[in-house]
file coords01.cif (mmCIF, C-alpha atoms)
data_work
loop_
_atom_site.label_atom_id
_atom_site.label_comp_id
_atom_site.auth_asym_id
_atom_site.auth_seq_id
_atom_site.Cartn_x
_atom_site.Cartn_y
_atom_site.Cartn_z
CA MET P 182 0.00 0.00 0.00
CA ALA P 183 1.34 3.47 -0.89
CA PRO P 184 2.19 5.91 1.97
CA TYR P 185 -0.82 7.88 3.19
CA ALA P 186 -0.98 11.44 1.84
CA SER P 187 -3.26 14.25 2.95
CA ASP P 188 -3.81 16.35 -0.16
CA ASP P 189 -7.29 16.78 -1.64
CA SER P 190 -6.55 14.63 -4.70
CA THR P 191 -5.59 11.74 -2.47
CA HIS P 192 -8.79 12.11 -0.45
CA ALA P 193 -10.74 12.09 -3.70
CA GLY P 194 -8.89 8.96 -4.79
CA GLU P 195 -9.70 7.27 -1.50
CA ALA P 196 -13.37 8.13 -1.90
CA ASP P 197 -13.29 6.63 -5.39
CA ASP P 198 -11.57 3.52 -4.03
CA LEU P 199 -14.26 3.18 -1.36
CA ARG P 200 -17.02 3.46 -3.94
CA VAL P 201 -15.28 0.89 -6.14
CA GLY P 202 -14.86 -1.43 -3.16
CA ARG P 203 -18.51 -1.17 -2.20
CA ARG P 204 -19.50 -1.65 -5.83
CA ARG P 205 -17.44 -4.85 -5.81
CA ALA P 206 -19.38 -5.90 -2.74
CA VAL P 207 -22.60 -5.52 -4.73
CA ARG P 208 -21.02 -7.44 -7.61
CA TYR P 209 -20.31 -10.50 -5.52
CA ILE P 210 -22.55 -10.29 -2.45
CA VAL P 211 -25.61 -12.11 -3.78
CA PRO P 212 -24.10 -15.34 -5.16
CA VAL P 213 -21.43 -15.45 -2.46
CA THR P 214 -23.99 -14.91 0.31
CA VAL P 215 -26.17 -17.68 -1.07
CA MET P 216 -23.27 -20.15 -1.42
CA GLY P 217 -21.05 -18.92 1.38
CA VAL P 218 -23.76 -18.87 4.06
CA ALA P 219 -24.60 -22.46 3.25
CA ALA P 220 -20.98 -23.55 3.34
CA ALA P 221 -20.33 -21.76 6.59
CA THR P 222 -23.46 -23.29 8.07
CA ILE P 223 -22.48 -26.81 7.09
CA GLY P 224 -19.19 -26.86 8.96
CA LEU P 225 -18.25 -30.47 9.73
CA VAL P 226 -21.81 -31.65 9.81
CA PRO P 227 -22.64 -35.21 9.41
CA ALA P 228 -25.64 -38.23 6.32
CA LEU P 229 -26.75 -41.69 6.24
CA ALA P 230 -26.31 -45.17 7.64
CA ASP P 231 -29.68 -45.56 9.31
CA SER P 232 -30.28 -49.23 10.12
CA GLY P 233 -33.13 -49.98 12.46
CA ASP P 234 -34.67 -48.29 15.48
CA PRO P 235 -32.83 -49.18 18.71
CA ASP P 236 -34.75 -49.63 21.96
CA LEU P 237 -33.51 -46.80 24.22
CA PRO P 238 -34.76 -45.36 27.52
CA LYS P 239 -37.37 -42.63 27.18
CA ILE P 240 -36.06 -39.07 27.16
CA THR P 241 -37.70 -35.64 26.90
CA ALA P 242 -36.72 -32.97 24.38
CA GLN P 243 -35.32 -30.81 27.17
CA GLN P 244 -33.23 -33.68 28.50
CA LEU P 245 -31.91 -34.40 25.02
CA ILE P 246 -30.94 -30.76 24.49
CA GLU P 247 -29.17 -30.83 27.84
CA LYS P 248 -27.40 -34.03 26.80
CA ILE P 249 -26.10 -32.30 23.67
CA ALA P 250 -24.98 -29.28 25.70
CA ALA P 251 -23.14 -31.51 28.18
CA SER P 252 -21.38 -33.54 25.48
CA ASP P 253 -17.63 -33.23 25.86
CA VAL P 254 -16.14 -35.49 23.20
CA GLN P 255 -12.50 -34.44 22.83
CA GLN P 256 -11.16 -37.17 20.55
CA LEU P 257 -12.70 -38.65 17.43
CA SER P 258 -12.00 -39.67 13.86
CA GLY P 259 -14.26 -40.80 11.07
CA THR P 260 -15.77 -40.35 7.64
CA VAL P 261 -18.55 -37.89 6.89
CA LYS P 262 -20.75 -37.75 3.81
CA ILE P 263 -22.43 -34.44 2.98
CA THR P 264 -25.11 -33.83 0.37
CA THR P 265 -26.27 -30.25 -0.19
CA ASP P 266 -29.06 -29.18 -2.54
CA LEU P 267 -29.76 -25.46 -2.36
CA GLY P 268 -31.48 -25.50 -5.73
CA LEU P 269 -28.97 -23.10 -7.25
CA PRO P 270 -29.08 -22.77 -11.05
CA ASP P 271 -26.11 -24.03 -13.04
CA LEU P 272 -23.42 -21.36 -12.85
CA GLY P 273 -21.77 -22.61 -16.01
CA GLY P 274 -18.28 -22.56 -14.52
CA LEU P 275 -18.67 -19.13 -12.92
CA GLU P 276 -18.24 -20.47 -9.39
CA SER P 277 -14.46 -20.11 -9.36
CA GLY P 278 -14.66 -16.56 -10.65
CA LEU P 279 -17.26 -15.57 -8.07
CA LEU P 280 -15.34 -17.05 -5.19
CA SER P 281 -11.95 -15.74 -6.25
CA GLY P 282 -13.46 -12.27 -6.60
CA ALA P 283 -14.94 -12.42 -3.13
CA THR P 284 -11.85 -13.75 -1.38
CA GLY P 285 -9.18 -11.91 -3.28
CA ASP P 286 -7.69 -14.86 -5.15
CA ASP P 287 -7.35 -12.62 -8.18
CA GLU P 288 -5.08 -10.43 -6.06
CA GLY P 289 -2.47 -12.94 -4.95
CA GLY P 290 -4.70 -15.33 -2.99
CA SER P 291 -4.41 -19.09 -2.78
CA SER P 292 -6.50 -22.02 -3.99
CA ALA P 293 -5.75 -23.55 -0.58
CA ASP P 294 -7.52 -20.72 1.28
CA PRO P 295 -10.33 -22.46 3.23
CA SER P 296 -12.68 -19.49 2.73
CA THR P 297 -12.62 -20.42 -0.96
CA LYS P 298 -12.16 -24.17 -0.93
CA LEU P 299 -14.80 -25.13 1.60
CA THR P 300 -17.52 -23.26 -0.29
CA GLU P 301 -17.53 -26.33 -2.56
CA LEU P 302 -19.58 -27.98 0.19
CA ALA P 303 -22.46 -25.68 -0.75
CA SER P 304 -23.54 -28.02 -3.54
CA GLY P 305 -23.38 -31.68 -4.50
CA THR P 306 -22.18 -34.69 -2.52
CA HIS P 307 -18.78 -34.77 -0.81
CA THR P 308 -16.84 -37.17 1.38
CA LEU P 309 -14.74 -35.88 4.26
CA ARG P 310 -12.30 -37.45 6.65
CA VAL P 311 -12.33 -35.74 10.06
CA ALA P 312 -10.20 -36.04 13.17
CA ALA P 313 -9.98 -34.16 16.46
CA ASP P 314 -7.82 -34.34 19.59
CA GLY P 315 -8.96 -31.62 21.96
CA PRO P 316 -9.42 -27.92 21.20
CA ASP P 317 -5.95 -27.44 19.70
CA ARG P 318 -5.78 -30.19 17.07
CA GLN P 319 -8.30 -30.86 14.30
CA LYS P 320 -8.09 -32.01 10.71
CA LEU P 321 -10.59 -32.07 7.84
CA SER P 322 -9.78 -33.63 4.47
CA LEU P 323 -12.03 -33.14 1.45
CA LEU P 324 -11.61 -36.15 -0.84
CA GLU P 325 -11.82 -35.42 -4.56
CA SER P 326 -11.58 -37.68 -7.61
CA ALA P 327 -7.85 -37.22 -8.21
CA ALA P 328 -6.81 -34.90 -5.40
CA GLU P 329 -7.32 -34.04 -1.75
CA TYR P 330 -7.74 -30.82 0.18
CA SER P 331 -6.76 -30.77 3.86
CA LEU P 332 -7.39 -28.18 6.55
CA ILE P 333 -5.27 -28.73 9.67
CA HIS P 334 -5.23 -26.94 13.02
CA ASN P 335 -2.26 -27.88 15.19
CA GLY P 336 -1.49 -25.60 18.12
CA LYS P 337 -0.97 -22.04 16.93
CA ASP P 338 -0.94 -22.95 13.24
CA VAL P 339 -3.72 -23.45 10.72
CA TRP P 340 -2.72 -24.98 7.37
CA GLY P 341 -4.70 -25.49 4.19
CA TYR P 342 -3.20 -27.71 1.47
CA ASP P 343 -4.57 -28.26 -2.04
CA SER P 344 -2.77 -31.21 -3.62
CA ALA P 345 -4.19 -30.47 -7.08
CA SER P 346 -2.39 -27.11 -7.31
CA ASN P 347 0.36 -27.88 -4.75
CA GLU P 348 -0.57 -24.69 -2.91
CA VAL P 349 -0.44 -24.10 0.84
CA TYR P 350 -2.33 -21.53 2.91
CA HIS P 351 -1.02 -20.73 6.40
CA SER P 352 -2.57 -18.71 9.20
CA THR P 353 -1.71 -18.27 12.85
CA ALA P 354 -4.49 -19.04 15.31
CA LYS P 355 -5.84 -15.98 17.03
CA GLN P 356 -6.21 -15.60 20.80
CA ALA P 357 -9.52 -17.48 20.80
CA GLY P 358 -7.85 -20.40 19.02
CA ALA P 359 -8.34 -21.74 15.52
CA ALA P 360 -11.20 -24.07 16.38
CA GLU P 361 -13.52 -21.36 15.06
CA SER P 362 -11.88 -21.76 11.64
CA VAL P 363 -11.68 -25.55 11.73
CA PRO P 364 -14.87 -26.96 13.31
CA ALA P 365 -13.94 -30.04 15.34
CA THR P 366 -17.20 -32.01 15.31
CA PRO P 367 -20.77 -32.05 13.95
CA LYS P 368 -21.76 -30.62 17.33
CA ASP P 369 -20.80 -27.18 15.99
CA LEU P 370 -23.64 -27.17 13.48
CA THR P 371 -26.22 -28.42 15.96
CA ASP P 372 -25.16 -25.78 18.48
CA GLU P 373 -25.87 -23.12 15.86
CA ALA P 374 -29.29 -24.61 15.08
CA LEU P 375 -30.23 -24.79 18.75
CA LYS P 376 -29.55 -21.08 19.16
CA ALA P 377 -32.82 -20.57 17.26
CA VAL P 378 -34.78 -22.56 19.85
CA ASP P 379 -37.18 -20.15 21.57
CA ASP P 380 -40.92 -19.53 21.80
CA THR P 381 -41.10 -19.54 17.99
CA THR P 382 -39.83 -23.14 17.87
CA SER P 383 -41.32 -26.60 18.37
CA VAL P 384 -38.81 -29.16 19.76
CA THR P 385 -39.70 -32.85 20.17
CA VAL P 386 -38.06 -36.27 20.37
CA ASP P 387 -38.90 -38.16 17.17
CA GLY P 388 -37.94 -41.72 18.05
CA THR P 389 -34.58 -43.47 17.74
CA VAL P 390 -32.21 -44.44 14.94
CA GLN P 391 -28.81 -45.99 14.25
CA VAL P 392 -26.09 -43.91 12.59
CA ALA P 393 -22.65 -45.36 11.75
CA GLY P 394 -23.41 -48.30 14.04
CA ARG P 395 -24.25 -46.04 17.01
CA ASP P 396 -27.60 -45.93 18.83
CA ALA P 397 -29.07 -42.44 18.71
CA TYR P 398 -32.12 -40.37 19.61
CA LYS P 399 -33.74 -38.12 16.98
CA LEU P 400 -34.34 -34.50 17.95
CA LEU P 401 -36.86 -32.69 15.73
CA VAL P 402 -36.75 -28.89 15.55
CA GLU P 403 -39.52 -27.07 13.63
CA PRO P 404 -40.35 -23.36 13.21
CA LYS P 405 -43.78 -22.29 14.45
CA GLN P 406 -43.68 -19.10 12.39
CA SER P 407 -44.87 -18.90 8.80
CA GLY P 408 -42.57 -17.30 6.26
CA SER P 409 -39.44 -19.35 7.04
CA THR P 410 -37.91 -21.49 4.31
CA VAL P 411 -36.90 -24.05 6.95
CA GLY P 412 -39.36 -26.92 7.24
CA ALA P 413 -37.63 -28.99 9.93
CA ILE P 414 -34.21 -29.87 11.32
CA SER P 415 -33.60 -33.43 12.46
CA VAL P 416 -30.53 -34.25 14.58
CA ALA P 417 -29.45 -37.80 15.45
CA VAL P 418 -27.83 -37.60 18.90
CA ASP P 419 -25.49 -40.35 20.09
CA ALA P 420 -27.22 -42.00 23.06
CA ARG P 421 -23.98 -42.59 24.96
CA THR P 422 -21.95 -39.41 24.37
CA GLY P 423 -24.58 -36.83 23.40
CA LEU P 424 -22.63 -36.04 20.23
CA PRO P 425 -24.72 -35.14 17.14
CA LEU P 426 -24.04 -37.81 14.51
CA LYS P 427 -26.38 -36.73 11.75
CA PHE P 428 -27.96 -33.44 10.67
CA THR P 429 -30.79 -33.14 8.14
CA LEU P 430 -32.46 -29.87 7.15
CA THR P 431 -35.59 -30.12 5.00
CA PRO P 432 -37.17 -27.06 3.34
CA ALA P 433 -40.69 -25.80 3.93
CA SER P 434 -41.28 -26.19 0.19
CA GLY P 435 -40.85 -29.97 0.46
CA GLY P 436 -38.75 -32.34 -1.58
CA ALA P 437 -35.22 -33.53 -0.89
CA ALA P 438 -33.26 -32.26 2.08
CA VAL P 439 -31.29 -29.05 1.63
CA VAL P 440 -28.53 -30.48 3.83
CA ASP P 441 -28.29 -34.21 4.59
CA ALA P 442 -25.01 -34.99 6.26
CA GLY P 443 -23.70 -37.56 8.68
CA PHE P 444 -21.04 -39.93 9.83
CA THR P 445 -20.73 -43.17 7.89
CA GLN P 446 -17.95 -44.30 10.27
CA VAL P 447 -16.83 -42.86 13.62
CA SER P 448 -14.36 -43.79 16.37
CA PHE P 449 -13.85 -42.08 19.71
CA ALA P 450 -10.27 -43.33 20.13
CA ARG P 451 -7.51 -40.71 20.28
CA PRO P 452 -6.07 -40.13 16.77
CA SER P 453 -2.32 -40.48 16.29
CA ALA P 454 -0.41 -37.24 16.95
CA ALA P 455 1.09 -37.61 13.46
CA THR P 456 -2.40 -37.06 12.01
CA PHE P 457 -2.03 -33.34 12.70
CA ASP P 458 1.58 -32.89 11.54
CA PHE P 459 2.08 -30.82 8.41
CA THR P 460 5.11 -29.53 6.54
CA PRO P 461 4.67 -27.74 3.19
CA PRO P 462 5.78 -30.07 0.37
CA LYS P 463 8.88 -29.16 -1.58
CA GLY P 464 8.09 -26.67 -4.33
CA ALA P 465 4.67 -25.76 -2.94
CA LYS P 466 3.52 -22.15 -3.15
CA VAL P 467 2.89 -20.91 0.43
CA THR P 468 0.53 -17.98 1.06
CA GLU P 469 0.38 -16.31 4.47
CA GLY P 470 -3.21 -15.43 5.34
CA ASP P 471 -4.82 -12.83 7.56
CA GLY P 472 -3.80 -13.34 11.16
CA ALA P 473 -0.55 -15.08 10.19
CA ASP P 474 2.97 -13.79 10.58
CA ALA P 475 4.59 -13.03 7.25
CA PRO P 476 8.32 -13.74 6.78
CA GLY P 477 10.42 -11.43 8.93
CA GLY P 478 7.74 -11.04 11.60
CA ALA P 479 5.75 -8.39 9.73
CA PRO P 480 1.95 -8.66 9.71
CA ALA P 481 0.62 -10.42 6.64
CA PRO P 482 -0.95 -8.10 4.05
CA SER P 483 -4.70 -7.86 3.69
CA LYS P 484 -6.37 -9.40 0.68
CA GLY P 485 -8.21 -6.58 -1.01
CA ALA P 486 -11.76 -7.59 -1.87
CA LYS P 487 -12.13 -9.70 1.23
CA GLY P 488 -11.51 -6.65 3.37
CA ASP P 489 -13.80 -4.50 1.23
CA LEU P 490 -16.62 -6.99 1.73
CA ALA P 491 -16.05 -7.17 5.48
CA GLY P 492 -16.09 -3.39 5.65
CA GLY P 493 -19.39 -3.33 3.79
CA LEU P 494 -20.92 -5.65 6.40
CA ALA P 495 -20.03 -3.36 9.30
CA GLY P 496 -23.45 -1.68 9.24
CA LEU P 497 -25.48 -4.90 9.36
CA ASP P 498 -28.86 -4.80 11.16
CA VAL P 499 -31.38 -7.55 11.92
CA LEU P 500 -35.11 -7.08 11.33
CA GLY P 501 -37.68 -9.30 13.02
CA GLU P 502 -36.98 -12.25 15.30
CA GLY P 503 -36.84 -16.00 15.43
CA TRP P 504 -36.94 -18.01 12.23
CA THR P 505 -38.17 -15.09 10.12
CA SER P 506 -35.42 -12.62 11.05
CA VAL P 507 -33.77 -10.84 8.12
CA ALA P 508 -30.26 -9.38 8.02
CA THR P 509 -29.87 -6.11 6.15
CA PHE P 510 -27.18 -3.58 5.34
CA ASP P 511 -26.51 -0.83 2.85
CA THR P 512 -23.88 -1.88 0.31
CA GLY P 513 -23.40 1.68 -0.89
CA GLY P 514 -23.92 0.44 -4.43
CA GLU P 515 -26.57 1.02 -7.06
CA GLY P 516 -28.53 -2.21 -7.10
CA VAL P 517 -27.75 -5.38 -9.01
CA PRO P 518 -25.26 -5.13 -11.90
CA SER P 519 -26.46 -6.31 -15.29
CA ALA P 520 -24.53 -8.07 -18.04
CA GLY P 521 -23.50 -4.73 -19.48
CA ASP P 522 -22.16 -3.56 -16.12
CA LEU P 523 -19.78 -6.49 -15.73
CA PRO P 524 -17.68 -6.91 -18.88
CA ASP P 525 -14.85 -8.36 -16.78
CA ALA P 526 -16.93 -10.92 -14.87
CA GLY P 527 -17.00 -13.72 -17.42
CA GLY P 528 -20.78 -13.72 -17.90
CA LEU P 529 -21.71 -13.09 -14.27
CA GLY P 530 -23.97 -10.19 -15.22
CA GLY P 531 -26.00 -12.39 -17.56
CA PHE P 532 -26.26 -15.00 -14.83
CA LEU P 533 -27.60 -12.39 -12.40
CA ASP P 534 -30.08 -11.16 -15.02
CA SER P 535 -31.50 -14.69 -15.50
CA PHE P 536 -31.29 -15.76 -11.84
CA GLY P 537 -33.01 -12.72 -10.30
CA ASP P 538 -36.73 -12.05 -9.90
CA LYS P 539 -37.80 -8.39 -10.09
CA VAL P 540 -40.03 -7.20 -7.24
CA ASP P 541 -41.66 -3.93 -6.14
CA GLY P 542 -42.94 -2.56 -2.84
CA THR P 543 -43.12 0.57 -0.74
CA PHE P 544 -39.33 0.26 -0.44
CA GLY P 545 -39.07 0.83 -4.20
CA SER P 546 -37.92 -1.92 -6.53
CA GLY P 547 -35.24 -4.56 -6.51
CA THR P 548 -34.25 -8.12 -7.38
CA VAL P 549 -34.74 -11.29 -5.33
CA PHE P 550 -32.29 -14.17 -5.70
CA SER P 551 -33.90 -17.37 -4.44
CA THR P 552 -32.63 -20.76 -3.33
CA ARG P 553 -34.40 -23.51 -1.41
CA LEU P 554 -33.04 -22.11 1.86
CA VAL P 555 -31.37 -18.68 1.70
CA ASN P 556 -33.01 -15.82 -0.22
CA ALA P 557 -31.61 -12.35 -0.85
CA LEU P 558 -33.20 -9.08 -2.01
CA VAL P 559 -31.03 -6.33 -3.45
CA THR P 560 -32.90 -3.05 -3.87
CA ASP P 561 -32.17 -0.71 -6.75
CA ASP P 562 -30.64 1.77 -4.31
CA GLY P 563 -28.14 -0.84 -3.04
CA LYS P 564 -29.68 -2.20 0.17
CA LEU P 565 -29.37 -5.94 0.84
CA TYR P 566 -31.91 -8.07 2.74
CA VAL P 567 -31.03 -11.74 3.27
CA GLY P 568 -32.43 -14.59 5.36
CA ALA P 569 -33.89 -18.08 5.46
CA VAL P 570 -37.28 -16.64 4.58
CA THR P 571 -39.61 -16.60 1.59
CA LYS P 572 -39.61 -13.94 -1.12
CA ASP P 573 -42.80 -12.42 0.32
CA ALA P 574 -41.19 -12.23 3.76
CA LEU P 575 -38.15 -10.44 2.29
CA VAL P 576 -40.34 -7.86 0.55
CA LYS P 577 -42.32 -7.38 3.78
CA ALA P 578 -39.06 -6.83 5.72
CA ALA P 579 -37.82 -4.32 3.13
CA ASN P 580 -41.13 -2.43 3.32
CA ALA P 581 -40.97 -2.36 7.11
CA GLY P 582 -37.35 -1.22 7.03
CA GLN P 583 -38.15 2.04 5.25
#
call {"tool": "encode", "arguments": {"input": "coords01.cif", "output": "structure tokens"}}
result
Amino acid sequence: MAPYASDDSTHAGEADDLRVGRRRAVRYIVPVTVMGVAAATIGLVPALADSGDPDLPKITAQQLIEKIAASDVQQLSGTVKITTDLGLPDLGGLESGLLSGATGDDEGGSSADPSTKLTELASGTHTLRVAADGPDRQKLSLLESAAEYSLIHNGKDVWGYDSASNEVYHSTAKQAGAAESVPATPKDLTDEALKAVDDTTSVTVDGTVQVAGRDAYKLLVEPKQSGSTVGAISVAVDARTGLPLKFTLTPASGGAAVVDAGFTQVSFARPSAATFDFTPPKGAKVTEGDGADAPGGAPAPSKGAKGDLAGGLAGLDVLGEGWTSVATFDTGGEGVPSAGDLPDAGGLGGFLDSFGDKVDGTFGSGTVFSTRLVNALVTDDGKLYVGAVTKDALVKAANAGQ
């Protein structure tokens, strides 16, 4: 970054840069929010392997929630299968361009950056190997047809390695630890879902099931409010440890699950310490990420668009409550870009034109981008409304927010 100057022309340049940055936020916010929210929500969730209904002692919903909260599994390893169906239209190969634009890969980023790589979990079926040994050591490996991506937290270091490109991403764990970046167990996802449990929620025990050879109770969480895109969340909870083994989210619109993920094999033995060892392979390109120490002890540089996007989210507000709450903020842009606005986006503008649904209300006019779970409204004056709510609920929130 050039030295800061204080003349008027520099201030004008900075204002232009800010407008460009916020415009870039508008360019990428809709598809990245739709895909990125889903990926971030999935975490290390667990699908499958039901085989009979075990005979277990009766338990109430409150007792089962308390059992999950008290679960303290520190060591595990296993295989997780995740299937995600958000109902996104075919991006025609635009995914990599969208994600690199949002994370700064086009400005010296890395294909091994987990903020890019793990968004692949937002669609399709994937197989993961997971391992954990306490709060300071976790590993997730995404198995691909001819390659493997690994995300490793070991002490103060977080490593991402993409074998296909032979690229390495390194970050230093912050004071709170790196567990927030590398979820250790499927419990993380369930904890997030249970935060929504309040007077707007129905919670019941829906029988028993076997997952990966383990006896489990089924916890059923359903919104009472109308307007949510969430139909129900079903969690298979290990009867012995209280650890969530399977997570299934079905949409209010019906059909296949939006997220169906679970352990196909699990062990609670301590993994070998060598599981979490990592040294960058010879010849690998190593990128130091935010929060890491760059060579020579200097702070690592920021990554451009990623910072711009974070800055644009600083003014986020939440409208409503419970399952129909809607997040909103002003992007500072001018609505949704069209094909003509984005000559450098490889067809992204045309995709947005075909994907969006024009709407009107007392808020003015805008475009709704819909999936089976997360919907987003971008108004023509650059305000964003996003949530797990229907299109009508988004328009209602935008009208109320005026």
call {"tool": "resolve_selection", "arguments": {"input": "coords01.cif", "expression": "the PyMOL selection byres ((chain P and resi 544) around 10)", "output": "mmCIF file with C-alpha atoms, in the coordinates of the input"}}
result
data_model
loop_
_atom_site.group_PDB
_atom_site.id
_atom_site.type_symbol
_atom_site.label_atom_id
_atom_site.label_comp_id
_atom_site.auth_asym_id
_atom_site.auth_seq_id
_atom_site.Cartn_x
_atom_site.Cartn_y
_atom_site.Cartn_z
ATOM 1 C CA ASP P 541 -41.660 -3.930 -6.140
ATOM 2 C CA GLY P 542 -42.940 -2.560 -2.840
ATOM 3 C CA THR P 543 -43.120 0.570 -0.740
ATOM 4 C CA GLY P 545 -39.070 0.830 -4.200
ATOM 5 C CA SER P 546 -37.920 -1.920 -6.530
ATOM 6 C CA GLY P 547 -35.240 -4.560 -6.510
ATOM 7 C CA THR P 560 -32.900 -3.050 -3.870
ATOM 8 C CA ASP P 561 -32.170 -0.710 -6.750
ATOM 9 C CA ASP P 562 -30.640 1.770 -4.310
ATOM 10 C CA LYS P 564 -29.680 -2.200 0.170
ATOM 11 C CA VAL P 576 -40.340 -7.860 0.550
ATOM 12 C CA LYS P 577 -42.320 -7.380 3.780
ATOM 13 C CA ALA P 578 -39.060 -6.830 5.720
ATOM 14 C CA ALA P 579 -37.820 -4.320 3.130
ATOM 15 C CA ASN P 580 -41.130 -2.430 3.320
ATOM 16 C CA ALA P 581 -40.970 -2.360 7.110
ATOM 17 C CA GLY P 582 -37.350 -1.220 7.030
ATOM 18 C CA GLN P 583 -38.150 2.040 5.250
#
call {"tool": "closest_atom_pairs", "arguments": {"input": "coords01.cif", "of": "region 439-476 of chain P", "to": "region 379-398 of chain P", "cutoff": "10 Å", "atoms": "only C-alpha atoms", "output": "tab-separated table"}}
result
residue	atom	partner	partner_atom	distance
P:Gly443	CA	P:Val392	CA	7.8
P:Phe444	CA	P:Ala393	CA	6.0
P:Thr445	CA	P:Ala393	CA	4.8
P:Gln446	CA	P:Ala393	CA	5.0
P:Val447	CA	P:Ala393	CA	6.6
P:Ser448	CA	P:Ala393	CA	9.6
call {"tool": "resolve_selection", "arguments": {"input": "coords01.cif", "expression": "the PyMOL selection byres ((chain P and resi 261) around 7)", "output": "list in words"}}
result
Pro227, Gly259, Thr260, Lys262, Ile263, Thr308, Leu309, Arg310, Gly443, Phe444 and Thr445 of chain P
call {"tool": "atom_distance", "arguments": {"input": "coords01.cif", "atom1": "CA of Asp253 (chain P)", "atom2": "CA of Ala374 (chain P)"}}
result
18.1 Å
call {"tool": "residues_around", "arguments": {"input": "coords01.cif", "residues": "Ala312 (chain P)", "least_positions_apart": "5", "cutoff": "6 Å", "atoms": "only C-alpha atoms", "output": "PDB file with C-alpha atoms, keeping the file's coordinate frame"}}
result
ATOM      1  CA  LEU P 257     -12.700 -38.650  17.430  1.00  0.00           C
ATOM      2  CA  SER P 258     -12.000 -39.670  13.860  1.00  0.00           C
ATOM      3  CA  GLN P 319      -8.300 -30.860  14.300  1.00  0.00           C
ATOM      4  CA  LYS P 320      -8.090 -32.010  10.710  1.00  0.00           C
TER       5      LYS P 320
END
